[in-house]
Amino acid sequence: MKKNYTDALLIFVFGLFLSFNCNAQLVAGSDFASVQHSNNVQIPIQNVLGNDTLGGIPVTLSQVTVTQISATTNLSLQANGSVVLAAGATTGTYGIYYNLCEIANPTNCVEGYVTVYVTPAPIVPTPDTVTISTGLLSPQIILENALANDTLGGIPVSISDVTINQASSTASAYFSINTTTGNIMQISNPPPGTYTLNYSYCENSNPNNCTTTSATITVVNSLSTGITATYQDLNGDGVTNVGDVINYTYSITNHAASAVTNISITSADVNINGGPPIASLNSNATNSSTYTGVHPITQQDINNGSVVVAIQTNGTLSGNPISITTTNTRNLNISNGIKLNAFLDYNSNGTQETGEPNVNYGSFQYQLNDNGTTHDITSSTGTHYMYETNPANSYDFGYTISPQYAAQYVLTPMTYSNVTVPNGSGVLTYNFALSAANPYKDLGVYIYAPASPRPGFTYQNVIYYQNYGNQTIASGTVTFVNDDNVSISTYPAGSTPTANGFTYNFTNLLPGQSGSITVGMLVPVIPTVSLGDLVTNTASVTIPTNDVNVNNNTAIYTRVIVGSYDPNDKAESHGPQVLHSAFTANDFLTYTIRFENTGTAEAINVRVNDILNAKLDETTVRMVASSHPYVLDRVGSNLTWRFDGINLEPSIPNNSVIGHGYIVFQVKPKAGYAIGDVITNTASIFFDFNPAIVTNTWSTTFVPVLGVKNFAFNNFVYYPNPVNTVLNISNASTIDRLEITSVLGQRIKSMMVNDLHAELDLSDLRRGVYFVKVSSEGQEKTVKIIKD
């Protein structure tokens with residue numbers, strides 16, 4: 001019986017062993033991993049079975065199957081047991097549930113869990129340092145990609161992966177970081193010193209992953225310019241006034257460690273003289289001889305009590321352009337004086353207030369010490385300054401409103417008597433207030449030409465229209481009709497072309513307001529036109545209701561076609577002949593004086609003098625237009641225009657604006673002018689202290705009939721033609737002057753004759769066609785000759 005019990009126990013134990021071996025325990029341990037954010041695919045867990053067991057023994061893929069049950073986005077379980085995190089997964093926690101089953105016993109399964117933490121990739125910034133010289137032209141890159149030495153997750157930061165923001169700092173006024181490129185830019189010129197530019201940036205795919213860093217910018221001196229300013233009483237009158245100058249000398253020093261090249265000085269406030277640019281200036285070297293400067297003193301300078309100018313010293317340092325700005329203040333010795341002031345007094349209180357403009361609606365008069373000499377002063381600005389050093393001098397002042405405005409305004413006061421200027425008084429203002437008397441409309445138009453018409457060239461007419469009334473003109477139209485001999489090449493902007501000209505509309509022309517229109521016209525070549533032909537253009541404006549002066553609503557302008565011409569000249573708008581029967585007591589002669597600086601330096605002051613012909617009524621002189629602010633001083637028939645401080649730069653070939661100036665004024669003939677009367681007029685132009693340039697003498701003849709032929713040449717004879725050596729010219733009237741030009745309009749020679757006969761030696765001319773212009777009794781005739 002005992003043996004049987006033993007056998008039974010063995011059988012039971014063996015069966016129990018077999019039962020445990022067939023259902024070995026499967027255990028899935030939870031997996032945890034932490035990785036840094038990356039734009040690349042990552043495998044945070046190589047094999048989830050690494051901590052799983054079967055029957056207490058580590059399990060292998062040959063024993064089990066691994067199946068993903070669920071997972072968060074961007075995380076997945078592979079068949080080989082690895083866990084894959086997708087590229088660019090943002091920071092956070094990711095998980096996977098999976099099923100683990102025994103291959104030999106498929107019902108023996110267990111669930112497992114994987115947790116993956118994605119942490120931000122560390123940003124490691126490296127602060128930048130950069131040293132630059134003063135004067136670098138802005139904007140300019142001083143450091144390319146400030147992020148180039150920073151890392152994100154151990155690799156260089158890519159500008160496309162982050163967003164940059166600049167922080168406020170002391171450097172913000174001068175430097176900035178480009179948020180697209182990472183470049184640090186200089187945006188303005190800083191003075192020498194050390195600047196810290198703070199900025200931050202964040203990872204685009206992980207906006208909470210940010211850092212703050214900085215760039216330290218050291219600015220050191222490169223160039224400096226010392227300025228010495230010296231006042232010069234240019235006109236020698238002993239007082240500081242417009243037209244005097246400040247002379248400057250410049251001393252340029254290079255403080256940089258290497259040479260600065262191509263150094264020059266420029267300024268908007270000063271006429272810079274000298275050059276060419278300094279080719280090279282070595283480190284610590286100084287140049288004090290290349291450049292000087294001149295500043296014409298303005299009325300604003302005098303009002304301020306000082307002259308403040310800025311210059312720019314330009315050069316190249318280590319391949320970078322630099323520009324250093326230096327300012328200088330020169331205090332002025334302010335004289336005692338008088339300011340005459342004419343203005344529109346809207347509220348009739350006699351005081352000029354904000355919004356009450358100065359006007360040029362008449363002229364100031366003054367007399368010194370009752371000496372009987374009256375100066376009639378017309379100022380384009382409506383103001384006139386006079387400076388006085390003698391407190392014993394006494395002045396009488398008045399203001400006369402021009403006839404075209406006289407019915408519109410009341411003047412208060414009309415005169416000041418026995419005015420003195422005490423020492424230490426400064427500039428005393430004497431007001432002349434013009435207040436509206438009656439509603440008044442007067443719209444006028446004029447034409448003038450900056451240059452004469454020449455065959456084959458374009459010349460311009462400027463149409464000038466102005467509201468001379470005291471009421472706003474709501475709308476109007478300017479109509480221009482060009483001569484048949486010329487064609488319009490450039491229409492004014494906003495105009496409407498017509499068959500023989502154009503129209504131009506305007507609106508809301510305020511009292512005293514004016515406008516101008518410029519039209520370019522092409523003159524045909526010879527023989528379509530001939531030298532001496534007249535070109536007459538016409539402008540008119542619509543006549544407003546109740547316009548009080550219809551005589552100025554139409555303007556006719558006639559110029560003679562010339563070959564070569566003197567850029568300083570005088571002409572009258574009617575041309576050489578005026579139809580006597582059509583010229584009334586209300587009509588004016590309109591003169592244009594042109595001047596041009598053909599020199600090599602700026603003209604600081606320009607003066608134009610015109611002694612009117614005895615047949616002209618000097619009391620009727622009135623200004624129409626000018627190229628620059630002026631003061632017109634009339635003493636009797638002697639007119640003097642002063643353009644003090646005009647600073648007229650040298651002219652440029654084929655440019656009709658730079659270096660050019662003009663005056664347009666009107667005057668009436670004295671009563672009693674008759675057919676055959678000739679009125680001559682000449683002007684003298686002074687540039688600074690240079691001798692006078694005398695213009696041509698313009699002759700205006702009153703004729704009974706306007707015709708193509710000039711009566712002064714009724715018995716005109718010239719021979720032989722063709723000519724070999726001497727050309728004989730005879731005329732019944734005195735021949736004043738002869739001028740020969742080429743077919744291109746170039747002046748070859750000229751001569752004064754003052755006789756009835758002239759012999760013109762042409763032996764030195766080449767064979768070809770020429771034109772001879774003959775002047776007689778203020779008229780001109782041009783003939784064509786052939787030189788054998």
# chains A, B, ... in the order shown; residues from 1 in each chain; ligands from 1
$ residues_around --residues "range 553-559 of chain A" --least-positions-apart "6" --cutoff "8 Å" --atoms "only C-alpha atoms" --output "JSON, numbers by chain"
{"A": [443, 444, 445, 446, 447, 448, 452, 453, 534, 535, 536, 537, 538, 539, 540, 541, 542, 543, 571, 572, 573, 574, 575]}
$ select_by_dssp --residues "range 268-485 of chain A" --states "helix (DSSP H, G or I)" --output "PyMOL selection string"
chain A and resi 299-304+403-406
$ write_last_selection --atoms "C-alpha atoms" --output "short mmCIF file (atom, residue, chain, number, x, y, z; two decimals), in the first residue's frame"
data_model
loop_
_atom_site.label_atom_id
_atom_site.label_comp_id
_atom_site.auth_asym_id
_atom_site.auth_seq_id
_atom_site.Cartn_x
_atom_site.Cartn_y
_atom_site.Cartn_z
CA GLN A 299 17.30 136.88 -44.20
CA GLN A 300 16.35 133.85 -42.14
CA ASP A 301 19.95 133.60 -40.91
CA ILE A 302 19.79 137.23 -39.81
CA ASN A 303 16.42 136.69 -38.13
CA ASN A 304 17.89 133.68 -36.28
CA PRO A 403 -3.60 150.32 -59.73
CA GLN A 404 -4.98 146.86 -60.46
CA TYR A 405 -5.60 146.38 -56.72
CA ALA A 406 -6.37 149.95 -55.68
#
$ atom_distance --atom1 "CA of Tyr630 in chain A" --atom2 "CA of Thr458 in chain A"
28.7 Å
$ residues_around --residues "Leu223 in chain A" --least-positions-apart "6" --cutoff "10 Å" --atoms "only C-alpha atoms" --output "list in words"
Ser133, Thr134, Gly135, Ile252, Thr253, Asn254, His255, Ala256, Val260, Ile263, Leu281, Ser283, Asn284, Thr286, Thr313, Asn314, Gly315, Leu317, Ile322, Ser323, Ile324 and Thr325 of chain A
$ write_last_selection --atoms "all heavy atoms" --output "compact mmCIF listing (two decimals), in the first residue's frame"
# COMPACT_ATOMS: atom_id res chain seq x y z
N SER A 133 33.23 101.79 -37.93
CA SER A 133 33.68 103.18 -37.94
C SER A 133 32.48 104.10 -38.06
O SER A 133 31.43 103.73 -38.61
CB SER A 133 34.64 103.43 -39.10
OG SER A 133 35.82 102.67 -38.94
N THR A 134 32.63 105.30 -37.54
CA THR A 134 31.57 106.29 -37.71
C THR A 134 31.41 106.63 -39.19
O THR A 134 32.35 106.53 -39.97
CB THR A 134 31.91 107.59 -36.95
OG1 THR A 134 33.19 108.04 -37.37
CG2 THR A 134 31.92 107.36 -35.46
N GLY A 135 30.19 107.03 -39.51
CA GLY A 135 29.95 107.56 -40.85
C GLY A 135 29.56 106.55 -41.89
O GLY A 135 29.42 106.91 -43.06
N ILE A 252 40.36 117.97 -42.53
CA ILE A 252 39.87 116.60 -42.46
C ILE A 252 40.95 115.71 -41.86
O ILE A 252 42.09 115.70 -42.35
CB ILE A 252 39.48 116.08 -43.86
CG1 ILE A 252 38.50 117.03 -44.53
CG2 ILE A 252 38.90 114.68 -43.78
CD1 ILE A 252 38.27 116.75 -46.00
N THR A 253 40.61 114.94 -40.81
CA THR A 253 41.57 114.04 -40.15
C THR A 253 41.03 112.63 -40.18
O THR A 253 39.84 112.38 -39.92
CB THR A 253 41.81 114.46 -38.69
OG1 THR A 253 42.33 115.80 -38.67
CG2 THR A 253 42.81 113.53 -38.02
N ASN A 254 41.92 111.67 -40.50
CA ASN A 254 41.56 110.26 -40.53
C ASN A 254 41.97 109.62 -39.19
O ASN A 254 43.15 109.51 -38.88
CB ASN A 254 42.27 109.56 -41.69
CG ASN A 254 42.00 108.06 -41.71
OD1 ASN A 254 41.10 107.57 -41.02
ND2 ASN A 254 42.77 107.33 -42.51
N HIS A 255 41.00 109.17 -38.42
CA HIS A 255 41.27 108.53 -37.13
C HIS A 255 41.27 107.01 -37.24
O HIS A 255 41.54 106.33 -36.25
CB HIS A 255 40.19 108.94 -36.11
CG HIS A 255 40.12 110.42 -35.87
ND1 HIS A 255 40.99 111.10 -35.05
CD2 HIS A 255 39.28 111.34 -36.39
CE1 HIS A 255 40.67 112.38 -35.04
NE2 HIS A 255 39.64 112.56 -35.84
N ALA A 256 40.91 106.47 -38.40
CA ALA A 256 40.81 105.03 -38.56
C ALA A 256 42.20 104.40 -38.61
O ALA A 256 43.21 105.08 -38.81
CB ALA A 256 40.02 104.69 -39.81
N VAL A 260 41.74 106.10 -45.62
CA VAL A 260 40.43 106.38 -46.20
C VAL A 260 40.66 106.97 -47.58
O VAL A 260 41.51 107.86 -47.75
CB VAL A 260 39.62 107.36 -45.33
CG1 VAL A 260 38.27 107.67 -45.98
CG2 VAL A 260 39.43 106.80 -43.93
N ILE A 263 38.00 110.90 -50.72
CA ILE A 263 37.34 111.76 -49.73
C ILE A 263 36.87 113.04 -50.41
O ILE A 263 37.61 113.70 -51.14
CB ILE A 263 38.32 112.11 -48.59
CG1 ILE A 263 38.78 110.82 -47.88
CG2 ILE A 263 37.65 113.04 -47.58
CD1 ILE A 263 39.87 111.07 -46.86
N LEU A 281 43.88 109.29 -47.73
CA LEU A 281 44.34 109.98 -46.52
C LEU A 281 44.74 108.91 -45.52
O LEU A 281 43.90 108.12 -45.06
CB LEU A 281 43.25 110.87 -45.95
CG LEU A 281 43.65 111.80 -44.79
CD1 LEU A 281 44.69 112.81 -45.25
CD2 LEU A 281 42.41 112.53 -44.25
N SER A 283 46.15 106.87 -42.11
CA SER A 283 45.74 106.88 -40.72
C SER A 283 46.46 108.00 -39.98
O SER A 283 47.68 108.20 -40.14
CB SER A 283 46.04 105.53 -40.08
OG SER A 283 45.75 105.54 -38.70
N ASN A 284 45.68 108.76 -39.17
CA ASN A 284 46.19 109.87 -38.35
C ASN A 284 46.71 111.05 -39.17
O ASN A 284 47.34 111.95 -38.61
CB ASN A 284 47.29 109.39 -37.40
CG ASN A 284 46.76 108.38 -36.40
OD1 ASN A 284 45.66 108.53 -35.86
ND2 ASN A 284 47.52 107.31 -36.17
N THR A 286 46.10 114.47 -41.76
CA THR A 286 45.15 115.58 -41.86
C THR A 286 45.34 116.30 -43.17
O THR A 286 46.47 116.52 -43.62
CB THR A 286 45.34 116.56 -40.70
OG1 THR A 286 45.10 115.90 -39.45
CG2 THR A 286 44.37 117.74 -40.82
N THR A 313 31.27 114.79 -44.92
CA THR A 313 32.58 114.35 -45.40
C THR A 313 32.43 112.89 -45.81
O THR A 313 32.10 112.03 -44.99
CB THR A 313 33.65 114.50 -44.31
OG1 THR A 313 33.63 115.84 -43.83
CG2 THR A 313 35.03 114.19 -44.87
N ASN A 314 32.66 112.60 -47.09
CA ASN A 314 32.40 111.28 -47.65
C ASN A 314 33.72 110.62 -48.03
O ASN A 314 34.68 111.29 -48.43
CB ASN A 314 31.51 111.40 -48.90
CG ASN A 314 30.32 112.31 -48.67
OD1 ASN A 314 29.48 112.04 -47.83
ND2 ASN A 314 30.27 113.42 -49.39
N GLY A 315 33.74 109.31 -47.94
CA GLY A 315 34.94 108.57 -48.32
C GLY A 315 34.66 107.08 -48.33
O GLY A 315 33.51 106.63 -48.18
N LEU A 317 36.20 103.44 -46.61
CA LEU A 317 37.07 102.84 -45.60
C LEU A 317 36.91 101.33 -45.67
O LEU A 317 35.81 100.81 -45.44
CB LEU A 317 36.72 103.36 -44.21
CG LEU A 317 37.47 102.73 -43.03
CD1 LEU A 317 38.97 102.96 -43.15
CD2 LEU A 317 36.95 103.29 -41.71
N ILE A 322 31.57 105.70 -46.33
CA ILE A 322 31.29 106.38 -45.07
C ILE A 322 30.94 107.83 -45.36
O ILE A 322 31.35 108.40 -46.37
CB ILE A 322 32.49 106.31 -44.09
CG1 ILE A 322 33.75 106.91 -44.72
CG2 ILE A 322 32.74 104.89 -43.65
CD1 ILE A 322 34.92 106.99 -43.78
N SER A 323 30.15 108.40 -44.46
CA SER A 323 29.77 109.81 -44.59
C SER A 323 29.60 110.39 -43.19
O SER A 323 28.74 109.92 -42.42
CB SER A 323 28.49 109.97 -45.40
OG SER A 323 28.14 111.33 -45.52
N ILE A 324 30.42 111.37 -42.84
CA ILE A 324 30.39 111.99 -41.52
C ILE A 324 29.74 113.36 -41.63
O ILE A 324 30.14 114.18 -42.45
CB ILE A 324 31.82 112.15 -40.94
CG1 ILE A 324 32.59 110.83 -41.05
CG2 ILE A 324 31.76 112.64 -39.50
CD1 ILE A 324 32.02 109.70 -40.26
N THR A 325 28.72 113.61 -40.81
CA THR A 325 28.05 114.92 -40.81
C THR A 325 28.63 115.79 -39.69
O THR A 325 28.72 115.35 -38.54
CB THR A 325 26.54 114.76 -40.62
OG1 THR A 325 26.00 114.02 -41.72
CG2 THR A 325 25.85 116.12 -40.57
$ select_by_dssp --residues "range 353-594 of chain A" --states "strand (DSSP E)" --output "count of residues only"
121
$ atom_distance --atom1 "CA of Ser264 in chain A" --atom2 "CA of Ala229 in chain A"
18.7 Å
$ atom_distance --atom1 "CA of Thr725 in chain A" --atom2 "CA of Asp761 in chain A"
5.9 Å
$ residues_around --residues "Ala433 in chain A" --least-positions-apart "6" --cutoff "8 Å" --atoms "only C-alpha atoms" --output "list in words"
Ala342, Phe343, Leu344, Asp345, Ser348, Gly350, Thr351, Gln352, Leu411, Thr412 and Pro413 of chain A
$ residues_around --residues "range 111-122 of chain A" --least-positions-apart "3" --cutoff "8 Å" --atoms "only C-alpha atoms" --output "PDB file with C-alpha atoms, in the first residue's frame"
ATOM      1  CA  ALA A  28       4.770  43.528 -20.229  1.00  0.00           C
ATOM      2  CA  GLY A  29       6.681  46.256 -18.395  1.00  0.00           C
ATOM      3  CA  SER A  30       5.760  49.881 -19.107  1.00  0.00           C
ATOM      4  CA  ASP A  31       8.266  51.764 -21.313  1.00  0.00           C
ATOM      5  CA  PHE A  32       9.360  55.357 -20.810  1.00  0.00           C
ATOM      6  CA  ALA A  33      11.617  57.531 -22.983  1.00  0.00           C
ATOM      7  CA  SER A  34      12.511  61.236 -23.260  1.00  0.00           C
ATOM      8  CA  VAL A  35      13.843  62.915 -26.418  1.00  0.00           C
ATOM      9  CA  GLN A  36      14.496  66.470 -27.564  1.00  0.00           C
ATOM     10  CA  HIS A  37      12.399  68.046 -30.233  1.00  0.00           C
ATOM     11  CA  SER A  38      13.847  67.501 -33.694  1.00  0.00           C
ATOM     12  CA  PRO A  44      13.088  56.846 -28.671  1.00  0.00           C
ATOM     13  CA  VAL A  48       9.553  47.513 -26.265  1.00  0.00           C
ATOM     14  CA  ALA A  89       6.696  66.366 -33.307  1.00  0.00           C
ATOM     15  CA  THR A  90       6.071  69.222 -30.911  1.00  0.00           C
ATOM     16  CA  THR A  91       6.989  69.107 -27.248  1.00  0.00           C
ATOM     17  CA  GLY A  92       4.629  67.106 -25.017  1.00  0.00           C
ATOM     18  CA  THR A  93       3.720  63.544 -23.946  1.00  0.00           C
ATOM     19  CA  TYR A  94       2.975  60.754 -26.444  1.00  0.00           C
ATOM     20  CA  GLY A  95       1.733  57.187 -25.733  1.00  0.00           C
ATOM     21  CA  ILE A  96       1.104  53.749 -27.320  1.00  0.00           C
ATOM     22  CA  TYR A  97      -1.010  50.782 -26.094  1.00  0.00           C
ATOM     23  CA  TYR A  98       0.112  47.440 -27.516  1.00  0.00           C
ATOM     24  CA  ASN A  99      -0.806  43.722 -27.191  1.00  0.00           C
ATOM     25  CA  LEU A 100       1.842  41.063 -26.455  1.00  0.00           C
ATOM     26  CA  THR A 151      22.768  76.291 -31.961  1.00  0.00           C
ATOM     27  CA  LEU A 152      19.382  74.607 -31.654  1.00  0.00           C
ATOM     28  CA  GLY A 153      19.598  71.068 -30.409  1.00  0.00           C
ATOM     29  CA  GLY A 154      23.322  71.082 -30.991  1.00  0.00           C
ATOM     30  CA  ASN A 206       7.770  75.185 -30.594  1.00  0.00           C
ATOM     31  CA  ASN A 209      11.175  77.487 -26.838  1.00  0.00           C
TER      32      ASN A 209
END
$ residues_around --residues "Gly398 in chain A" --least-positions-apart "6" --cutoff "9 Å" --atoms "only C-alpha atoms" --output "list in words"
Ser363, Phe364, Gln365, Tyr366, Pro413, Met414, Thr415, Tyr416, Ser417 and Phe432 of chain A
$ closest_residue --among "A:Val578, A:Val66, A:Val705, A:Leu648" --to "Glu602 in chain A" --atoms "only C-alpha atoms"
A:Leu648
$ residues_around --residues "range 585-593 of chain A" --least-positions-apart "3" --cutoff "9 Å" --atoms "only C-alpha atoms" --output "ChimeraX atom specification"
/A:446,448-450,551-552,557,568-574,608,620,624,661-671,683,695
